[in-house]
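K.L.:
Could you have a look at this structure, given as structure tokens, before my questions?
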Amino acid sequence: MGFSIEQLQAFVAAAEQGSFSAAARCLGKAQSVISVAVQNLEIDCGVELFDRSSRAPVLTEHGRALLRDARAILQRCEQMHASAAALGQGVETRLCLAIDAAIALESLAPQLIDFEQAFPHLELELLNPTSQDVAQLVSSGRADLGVMFEQEFYPRGFNFTGIDHVEVIAVAGPGHPLAAVPEIQLADLEQYRQLVPTTRSPGLGRQPVLGGGHCWRLESQYGILALLRAGFGWAYLPRSFVQEALASGQAIQLQLAFQQVDIQAGIDLIWRRDRAPGPAGRWLIERLSSQL
């Protein structure tokens, strides 16, 4: 079976256009070329694709069955041409993006939709590490780009740009003593254990705790939320991360009398200076940066 792409194109065009002459106009070829291509395809396949007993050719049962395969083959050929063209332009074949698990992926969805449309043949891998270990994945080369909460200082060798802000609130479990206090003073917070995120990554600062209090440090925001619900302490967490727990009553937002404005935590996009992003990486950096 040695049919060609040209034969498949003629077959699909004739089936979709309803005639060999219309298929010829669609493909910019002579009608005789289309007719011969379809006839040769029928010979190669060993089945009749069109019933030519009427004025216009009509797909046979075999023709309808093989039309699906022909379309799929042509689609794969188009994808291969597009992939080859992208490779010729230096576009990456894959990209790995590490996103802090506490950052809502929905906030990046519009940019990822546009990314998929701009680079449909690129394989994108999304990692959801806990806490600040995004930086370690980028530093080691496991991830090309990272999305994480901003740091006051980054290790040498990192490029970064701000892409968003999220509201951070103080929360506790419904059974925690602070949950029943209508107006919480700073001295009230300092009496109870603070649950604080930590990291395995060297070179990144540890989040400070309130003076006078004691803390437990966990590398997972999900671990913090679990202990918080169980009453082990209180924590500052992104509102978007705890929204579901707040709605279900598993967590309570603490009313801080000493805090007059909302706390905003910046979100940064990071990458290594010595690994210049390709076209797809640069596109993602520019698009995410522009949303701030």
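We label chains A, B, ... in the order they appear in the structure tokens, count residues from 1 in each chain, and number ligands from 1 in the order shown.
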Hey, what's within 7 Å of Leu127 in chain A if we count only C-alpha atoms and toss same-chain stuff fewer than 2 positions away? As number ranges by chain, please?
P.N.:
A: 97-99, 125, 129
K.L.:
Got a sec: who's within 12 Å of Glu6 in chain A, counting only C-alpha atoms, leaving out chain neighbours fewer than 4 positions off, as a ChimeraX atom specification?
P.N.:
/A:2,10-13,24,27,29,33-38,40-41,70,73-74,77
K.L.:
Within 12 Å of Ser140 in chain A, counting only C-alpha atoms, which residues qualify if same-chain residues fewer than 3 places away don't, as an NGL selection string?
P.N.:
:A and (133-137 or 143-146 or 157-158 or 201-202 or 271-272 or 274-275)
K.L.:
Would you write out those residues with N, CA and C atoms, as a PDB file, in the first residue's frame?
P.N.:
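The resulting again.pdb:
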ATOM      1  N   ASP A 133      10.579  25.953  47.232  1.00  0.00           N
ATOM      2  CA  ASP A 133      11.437  25.014  46.526  1.00  0.00           C
ATOM      3  C   ASP A 133      11.324  25.160  45.022  1.00  0.00           C
ATOM      4  N   VAL A 134      10.469  26.058  44.574  1.00  0.00           N
ATOM      5  CA  VAL A 134      10.454  26.436  43.163  1.00  0.00           C
ATOM      6  C   VAL A 134      11.847  26.881  42.731  1.00  0.00           C
ATOM      7  N   ALA A 135      12.495  27.670  43.559  1.00  0.00           N
ATOM      8  CA  ALA A 135      13.821  28.193  43.224  1.00  0.00           C
ATOM      9  C   ALA A 135      14.838  27.079  43.040  1.00  0.00           C
ATOM     10  N   GLN A 136      14.741  26.031  43.853  1.00  0.00           N
ATOM     11  CA  GLN A 136      15.684  24.918  43.744  1.00  0.00           C
ATOM     12  C   GLN A 136      15.497  24.184  42.421  1.00  0.00           C
ATOM     13  N   LEU A 137      14.254  24.032  41.999  1.00  0.00           N
ATOM     14  CA  LEU A 137      13.980  23.361  40.729  1.00  0.00           C
ATOM     15  C   LEU A 137      14.543  24.163  39.559  1.00  0.00           C
ATOM     16  N   ALA A 143      13.472  22.794  36.204  1.00  0.00           N
ATOM     17  CA  ALA A 143      12.420  23.661  35.667  1.00  0.00           C
ATOM     18  C   ALA A 143      13.063  24.820  34.924  1.00  0.00           C
ATOM     19  N   ASP A 144      12.454  25.230  33.824  1.00  0.00           N
ATOM     20  CA  ASP A 144      12.968  26.359  33.047  1.00  0.00           C
ATOM     21  C   ASP A 144      12.553  27.692  33.658  1.00  0.00           C
ATOM     22  N   LEU A 145      11.325  27.755  34.151  1.00  0.00           N
ATOM     23  CA  LEU A 145      10.789  28.971  34.752  1.00  0.00           C
ATOM     24  C   LEU A 145      10.108  28.600  36.061  1.00  0.00           C
ATOM     25  N   GLY A 146      10.048  29.561  36.983  1.00  0.00           N
ATOM     26  CA  GLY A 146       9.370  29.320  38.241  1.00  0.00           C
ATOM     27  C   GLY A 146       8.466  30.479  38.617  1.00  0.00           C
ATOM     28  N   GLY A 157      22.631  34.676  40.247  1.00  0.00           N
ATOM     29  CA  GLY A 157      22.374  33.870  39.066  1.00  0.00           C
ATOM     30  C   GLY A 157      20.918  33.787  38.672  1.00  0.00           C
ATOM     31  N   PHE A 158      20.040  34.486  39.398  1.00  0.00           N
ATOM     32  CA  PHE A 158      18.621  34.465  39.075  1.00  0.00           C
ATOM     33  C   PHE A 158      18.189  35.777  38.424  1.00  0.00           C
ATOM     34  N   SER A 201      15.526  25.001  50.136  1.00  0.00           N
ATOM     35  CA  SER A 201      16.418  25.666  49.191  1.00  0.00           C
ATOM     36  C   SER A 201      17.406  26.569  49.911  1.00  0.00           C
ATOM     37  N   PRO A 202      18.718  26.402  49.673  1.00  0.00           N
ATOM     38  CA  PRO A 202      19.701  27.304  50.277  1.00  0.00           C
ATOM     39  C   PRO A 202      19.642  28.678  49.630  1.00  0.00           C
ATOM     40  N   TRP A 271      13.955  32.853  36.524  1.00  0.00           N
ATOM     41  CA  TRP A 271      14.673  31.959  35.617  1.00  0.00           C
ATOM     42  C   TRP A 271      16.167  32.208  35.789  1.00  0.00           C
ATOM     43  N   ARG A 272      16.966  31.259  35.337  1.00  0.00           N
ATOM     44  CA  ARG A 272      18.411  31.361  35.495  1.00  0.00           C
ATOM     45  C   ARG A 272      19.009  32.291  34.449  1.00  0.00           C
ATOM     46  N   ASP A 274      22.031  32.141  33.283  1.00  0.00           N
ATOM     47  CA  ASP A 274      22.921  31.453  32.354  1.00  0.00           C
ATOM     48  C   ASP A 274      22.195  30.480  31.439  1.00  0.00           C
ATOM     49  N   ARG A 275      20.868  30.463  31.506  1.00  0.00           N
ATOM     50  CA  ARG A 275      20.074  29.627  30.593  1.00  0.00           C
ATOM     51  C   ARG A 275      19.058  30.538  29.896  1.00  0.00           C
TER      52      ARG A 275
END
K.L.:
Could you please write out, as a list in words, every residue of range 84-147 of chain A that DSSP assigns to helix (DSSP H, G or I)?
P.N.:
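DSSP on the backbone gives helix (DSSP H, G or I) at Ala84, Ala85, Ala86, Leu87, Gly88, Leu105, Glu106, Ser107, Leu108, Ala109, Pro110, Gln111, Leu112, Ile113, Asp114, Phe115, Glu116, Gln117, Ala118, Ser131, Gln132, Asp133, Val134, Ala135, Gln136, Leu137, Val138, Ser139 and Ser140 of chain A.
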K.L.:
Go ahead and write the selection's residues with C-alpha atoms as a PDB file, in the first residue's frame.
P.N.:
ATOM      1  CA  ALA A  84       9.550  21.396  11.775  1.00  0.00           C
ATOM      2  CA  ALA A  85       8.992  25.084  11.063  1.00  0.00           C
ATOM      3  CA  ALA A  86       9.068  25.864  14.795  1.00  0.00           C
ATOM      4  CA  LEU A  87      12.287  23.884  15.247  1.00  0.00           C
ATOM      5  CA  GLY A  88      13.808  25.766  12.344  1.00  0.00           C
ATOM      6  CA  LEU A 105      -3.333  27.984  38.856  1.00  0.00           C
ATOM      7  CA  GLU A 106      -6.556  29.653  37.699  1.00  0.00           C
ATOM      8  CA  SER A 107      -4.796  33.026  37.860  1.00  0.00           C
ATOM      9  CA  LEU A 108      -2.419  31.864  35.119  1.00  0.00           C
ATOM     10  CA  ALA A 109      -5.025  30.065  33.012  1.00  0.00           C
ATOM     11  CA  PRO A 110      -5.662  32.926  30.505  1.00  0.00           C
ATOM     12  CA  GLN A 111      -1.958  33.202  29.721  1.00  0.00           C
ATOM     13  CA  LEU A 112      -1.607  29.419  29.425  1.00  0.00           C
ATOM     14  CA  ILE A 113      -4.534  29.315  26.986  1.00  0.00           C
ATOM     15  CA  ASP A 114      -2.823  31.901  24.784  1.00  0.00           C
ATOM     16  CA  PHE A 115       0.471  30.021  25.172  1.00  0.00           C
ATOM     17  CA  GLU A 116      -1.109  26.782  23.970  1.00  0.00           C
ATOM     18  CA  GLN A 117      -2.488  28.556  20.917  1.00  0.00           C
ATOM     19  CA  ALA A 118       0.857  30.218  20.160  1.00  0.00           C
ATOM     20  CA  SER A 131       6.839  26.570  49.494  1.00  0.00           C
ATOM     21  CA  GLN A 132       9.942  28.182  48.031  1.00  0.00           C
ATOM     22  CA  ASP A 133      11.437  25.014  46.526  1.00  0.00           C
ATOM     23  CA  VAL A 134      10.454  26.436  43.163  1.00  0.00           C
ATOM     24  CA  ALA A 135      13.821  28.193  43.224  1.00  0.00           C
ATOM     25  CA  GLN A 136      15.684  24.918  43.744  1.00  0.00           C
ATOM     26  CA  LEU A 137      13.980  23.361  40.729  1.00  0.00           C
ATOM     27  CA  VAL A 138      14.950  26.331  38.573  1.00  0.00           C
ATOM     28  CA  SER A 139      18.488  26.452  39.971  1.00  0.00           C
ATOM     29  CA  SER A 140      19.061  22.749  39.269  1.00  0.00           C
TER      30      SER A 140
END
K.L.:
Counting only C-alpha atoms, figure out which residue out of A:Ala226, A:Ala187, A:Leu124, A:Met148 gets nearest to Ala101 in chain A.
P.N.:
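Of the candidates, the smallest distance to Ala101 in chain A is held by A:Met148.
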K.L.:
Can you pull out the residues contacting Phe241 in chain A? Cut-off 12 Å, using only C-alpha atoms, and skip same-chain residues under 4 positions away; I want them as a PyMOL selection string.
P.N.:
chain A and resi 100-107+166-169+171+221-222+224-225+236-237+245-247+251
K.L.:
Save the residues we just selected, C-alpha atoms, as a PDB file, in the first residue's frame?
P.N.:
ATOM      1  CA  ASP A 100       4.202  27.316  44.007  1.00  0.00           C
ATOM      2  CA  ALA A 101       1.391  25.043  45.178  1.00  0.00           C
ATOM      3  CA  ALA A 102      -0.140  27.911  47.175  1.00  0.00           C
ATOM      4  CA  ILE A 103      -0.616  30.004  44.023  1.00  0.00           C
ATOM      5  CA  ALA A 104      -3.949  29.435  42.316  1.00  0.00           C
ATOM      6  CA  LEU A 105      -3.333  27.984  38.856  1.00  0.00           C
ATOM      7  CA  GLU A 106      -6.556  29.653  37.699  1.00  0.00           C
ATOM      8  CA  SER A 107      -4.796  33.026  37.860  1.00  0.00           C
ATOM      9  CA  VAL A 166      -2.295  38.251  46.143  1.00  0.00           C
ATOM     10  CA  GLU A 167      -4.006  39.203  49.379  1.00  0.00           C
ATOM     11  CA  VAL A 168      -2.606  37.501  52.481  1.00  0.00           C
ATOM     12  CA  ILE A 169      -4.803  37.112  55.554  1.00  0.00           C
ATOM     13  CA  VAL A 171      -6.368  32.587  59.645  1.00  0.00           C
ATOM     14  CA  GLN A 221       1.235  25.224  52.643  1.00  0.00           C
ATOM     15  CA  TYR A 222      -1.170  22.286  52.632  1.00  0.00           C
ATOM     16  CA  ILE A 224       0.070  24.429  57.396  1.00  0.00           C
ATOM     17  CA  LEU A 225      -3.616  24.429  56.491  1.00  0.00           C
ATOM     18  CA  TYR A 236      -0.713  34.105  57.306  1.00  0.00           C
ATOM     19  CA  LEU A 237      -1.892  32.480  54.066  1.00  0.00           C
ATOM     20  CA  ALA A 245     -11.647  26.329  53.809  1.00  0.00           C
ATOM     21  CA  LEU A 246     -13.129  29.714  54.708  1.00  0.00           C
ATOM     22  CA  ALA A 247     -16.331  28.983  52.804  1.00  0.00           C
ATOM     23  CA  ALA A 251     -10.829  28.083  58.725  1.00  0.00           C
TER      24      ALA A 251
END
K.L.:
Report as a ChimeraX atom specification: the residues of range 85-231 of chain A with a DSSP assignment of strand (DSSP E), based on the backbone of this structure.
P.N.:
/A:94-99,123-127,145-149,158-172,194-197,215-218
K.L.:
Residues of the last selection are to be written out with C-alpha atoms, as a short mmCIF file (atom, residue, chain, number, x, y, z; two decimals), in the first residue's frame.
P.N.:
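Below is the file that was written, out04.cif:
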data_model
loop_
_atom_site.label_atom_id
_atom_site.label_comp_id
_atom_site.auth_asym_id
_atom_site.auth_seq_id
_atom_site.Cartn_x
_atom_site.Cartn_y
_atom_site.Cartn_z
CA ARG A 94 9.34 21.32 25.70
CA LEU A 95 9.18 23.73 28.62
CA CYS A 96 8.91 23.07 32.36
CA LEU A 97 7.16 25.59 34.60
CA ALA A 98 7.26 25.20 38.40
CA ILE A 99 4.42 26.98 40.23
CA GLU A 123 5.19 19.96 25.42
CA LEU A 124 4.52 21.92 28.63
CA GLU A 125 5.24 20.34 32.02
CA LEU A 126 3.75 21.96 35.13
CA LEU A 127 5.19 21.21 38.57
CA LEU A 145 10.79 28.97 34.75
CA GLY A 146 9.37 29.32 38.24
CA VAL A 147 6.42 31.17 39.74
CA MET A 148 6.77 31.83 43.47
CA PHE A 149 6.13 34.37 46.20
CA PHE A 158 18.62 34.47 39.07
CA ASN A 159 16.58 36.81 36.92
CA PHE A 160 13.14 37.69 38.22
CA THR A 161 10.20 39.91 37.42
CA GLY A 162 6.99 40.63 39.31
CA ILE A 163 3.84 39.26 37.69
CA ASP A 164 1.06 39.53 40.27
CA HIS A 165 -0.03 40.26 43.84
CA VAL A 166 -2.29 38.25 46.14
CA GLU A 167 -4.01 39.20 49.38
CA VAL A 168 -2.61 37.50 52.48
CA ILE A 169 -4.80 37.11 55.55
CA ALA A 170 -4.39 35.78 59.09
CA VAL A 171 -6.37 32.59 59.64
CA ALA A 172 -6.93 29.99 62.33
CA GLN A 194 2.45 30.74 64.39
CA LEU A 195 2.62 28.21 61.52
CA VAL A 196 5.22 29.42 59.03
CA PRO A 197 6.38 28.08 55.64
CA CYS A 215 6.36 28.82 65.68
CA TRP A 216 6.31 25.57 63.82
CA ARG A 217 7.79 25.61 60.33
CA LEU A 218 6.39 23.46 57.54
#
K.L.:
One decimal, Å: what's the distance from CA of Tyr192 in chain A over to CA of Ala265 in chain A, could you say?
P.N.:
23.0 Å
K.L.:
Which value, in Å to one decimal, gives the distance between CA of Leu186 in chain A and CA of Arg229 in chain A?
P.N.:
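Going from CA of Leu186 in chain A over to CA of Arg229 in chain A covers 21.4 Å.
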K.L.:
Quick check, in Å to one decimal: how far apart do CA of Asp268 in chain A and CA of Thr93 in chain A lie?
P.N.:
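Value for the CA of Asp268 in chain A-CA of Thr93 in chain A distance: 24.5 Å.
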K.L.:
So which one's closest to Pro238 in chain A, A:Ile5, A:Ile267, A:Leu256, A:Val58? Using only C-alpha atoms, please.
P.N.:
A:Ile267
K.L.:
Write out as JSON, numbers by chain which residues come within 9 Å of His62 in chain A when counting only C-alpha atoms, dropping same-chain ones fewer than 4 positions away.
P.N.:
{"A": [47, 48, 49, 50, 66, 67]}
